[in-house]
Each structure stands twice: as C-alpha cells, then as structure tokens.
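One structure is given below, encoded as structure tokens.
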Amino acid sequence: MEENRMSNIQMVKEVNAKDKGHIHDMLYQFNLKHFPEDLRGRYEEINIFLKGDDGAVLGGILGEICWNWLEIHTLILEEEMRKHGFGTKLLVAIEQVAKEKECNFIKVDTLSFQALDFYQKNGYEVYGTLDGVGRDFQHYYLKKDL
C-alpha cells in the first residue's frame, strides 16, 4: 500500500450498501484464487416463494449456490400454512435445484425453537452447535449430502 494512503486511515461505522458490496466482492475475489477453476463463478441466488391466488406471499425459501454447495438462509411459512406439507415441498424444490446445479451438499442453520426436527426428518445432520444463544437456546448447523 502506498505511504500516502496509509497516513490518513479512518474507521467509519455506518450502513452503506455500496461499501458493503465492495467488501463482499473483495472476499469473493480473494476466494476465487483458491477454488478450482471449474467452480469459479458459481454463485446464484435461489428463491422459491409460496403464493396464494391473489399473489400474496405465504412463505418461501431463500438460498444461494456458492461453488459446490447450496446454503439455505431462510425458510418460513405464514402460521396457517404450517403443518400442511408446504415446508417439505419448498425444501424438496430447492434440493432439486441443488442437484440440477451439481451441488455436493446443502447446509442450513436453525435455532432450537425453530425447525431442528423438521430438517432432521428431511435427512439433514447436525455438524455443529452453539449453546447460550439468546442465553437459553442452541444454534444448530446442519448439512445434507446430495
């Protein structure tokens, strides 16, 4: 780094989408140097929504493909939509996308009061936990090989 750039360094705490995107891109570019060439550039958001006849969103699953895996970030259904198989249908749909995109595994995390049993019933295995989350809960990290 040039000497003049280092002489006036500041730390700024702010919400800034452009700068946040720049930091994400810096890490992405760094990571690209370390992954096999055939996996480079494999990034894609995958969002599947459950909608009613009126177009209202009743739930959905949000994830992204990154190199050779798919990561589920969010799976949620409106309260009245739960216990009718829609969560499983959303999970199966995103798993199908992961298989079509030649992912080797899917990973997801959930809290102890959320959906641990649901994911385990669908073949996901816990590979890590954190205790004391929100003082009284556990954070589970799960994976399913494809």
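Residues are named by chain letter and number: chains run A, B, ... in the order of the structure tokens, numbers start at 1 in each chain, and ligands are numbered from 1 in the order shown.
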
Residue contacts of His139 of chain A (6 Å, only C-alpha atoms) excluding same-chain residues fewer than 4 positions away, as a list in words: Thr110, Leu111, Thr129 and Leu130 of chain A

Writer output for current selection, N, CA, C and O atoms, as an mmCIF file, in the first residue's frame:
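So the final result, stored in selection-v5.cif, reads:
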```cif
data_model
loop_
_atom_site.group_PDB
_atom_site.id
_atom_site.type_symbol
_atom_site.label_atom_id
_atom_site.label_comp_id
_atom_site.auth_asym_id
_atom_site.auth_seq_id
_atom_site.Cartn_x
_atom_site.Cartn_y
_atom_site.Cartn_z
ATOM 1 N N THR A 110 -30.318 -23.403 12.157
ATOM 2 C CA THR A 110 -31.607 -23.166 12.793
ATOM 3 C C THR A 110 -31.412 -23.066 14.299
ATOM 4 O O THR A 110 -30.441 -23.607 14.834
ATOM 5 N N LEU A 111 -32.310 -22.383 14.958
ATOM 6 C CA LEU A 111 -32.271 -22.270 16.410
ATOM 7 C C LEU A 111 -33.138 -23.358 17.038
ATOM 8 O O LEU A 111 -34.036 -23.895 16.392
ATOM 9 N N THR A 129 -22.908 -27.116 16.921
ATOM 10 C CA THR A 129 -23.873 -26.389 17.736
ATOM 11 C C THR A 129 -23.175 -25.289 18.517
ATOM 12 O O THR A 129 -21.980 -25.372 18.788
ATOM 13 N N LEU A 130 -23.954 -24.286 18.863
ATOM 14 C CA LEU A 130 -23.526 -23.231 19.789
ATOM 15 C C LEU A 130 -24.571 -23.160 20.887
ATOM 16 O O LEU A 130 -25.767 -23.085 20.609
#
```

Who sits within 10 Å of segment 28-31 of chain A, only C-alpha atoms, same chain under 4 positions skipped, as a ChimeraX atom specification: /A:22-24,35,40-41,43

So which residues touch Ile48 of chain A within 7 Å, counting only C-alpha atoms, skipping near sequence neighbours fewer than 3 positions away, as a JSON list (two decimals) with N, CA and C atoms, in the first residue's frame?
```
[["chain", "number", "residue", "atom", "x", "y", "z"],
["A", 60, "GLY", "N", -41.78, -19.03, 1.90],
["A", 60, "GLY", "CA", -40.75, -19.21, 0.89],
["A", 60, "GLY", "C", -39.46, -19.73, 1.47],
["A", 61, "ILE", "N", -38.55, -20.02, 0.56],
["A", 61, "ILE", "CA", -37.22, -20.49, 0.92],
["A", 61, "ILE", "C", -36.21, -19.67, 0.12],
["A", 62, "LEU", "N", -35.23, -19.12, 0.82],
["A", 62, "LEU", "CA", -34.23, -18.26, 0.21],
["A", 62, "LEU", "C", -32.86, -18.88, 0.41]]
```

Helix (DSSP H, G or I) residues, from DSSP on the backbone, in segment 32-146 of chain A, as a PyMOL selection string: chain A and resi 32+37-39+79-81+86-100+116-121

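Going from atom CA of Trp69 of chain A to atom CA of Tyr119 of chain A covers 16.8 Å.
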
Selection: 10 Å around Phe86 of chain A, only C-alpha atoms, excl. self and same-chain fewer than 4 positions, as a PyMOL selection string: chain A and resi 50+58-60+76-77+81-82+90-92

Nearest to Tyr124 of chain A, chosen from A:Ile72, A:Leu39, A:Lys89, A:Glu79, with only C-alpha atoms counted in the distances: A:Ile72

Using only C-alpha atoms, which of A:Thr74, A:Val12, A:Asp53, A:His34 sits nearest Lys107 of chain A?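 Using only C-alpha atoms, Lys107 of chain A sits closest to A:Thr74.
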
What is the atom CA of Trp67 of chain A to atom CA of Tyr140 of chain A distance in Å? 22.5 Å

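Among the candidates A:Lys18, A:Lys33, A:Lys51, A:Arg135, the residue lying nearest to Ser112 of chain A is A:Arg135 (atoms considered: only C-alpha atoms).
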
As a VMD selection string, list the residues of chain A assigned to strand (DSSP E) by DSSP on the backbone atoms of this structure. chain A and resid 43 to 51 57 to 66 69 to 77 105 to 111 125 to 133 137 to 145

Pick from A:Val108, A:Gln114, A:Lys83, A:Lys121: nearest to Tyr141 of chain A, with only C-alpha atoms counted? A:Val108

Hey, can you check how far atom CA of Asn104 of chain A sits from atom CA of Asp25 of chain A?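 We find that atom CA of Asn104 of chain A and atom CA of Asp25 of chain A lie 23.9 Å from each other.
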
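Comparing A:Gly85, A:His73, A:Glu37, A:Lys101 by their smallest distance to Leu142 of chain A, the closest is A:His73 (using only C-alpha atoms).
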
Pick out the closest residue to Val57 of chain A from this set: A:Glu78, A:His84, A:Arg5, A:Asp38. Count only C-alpha atoms. A:Glu78
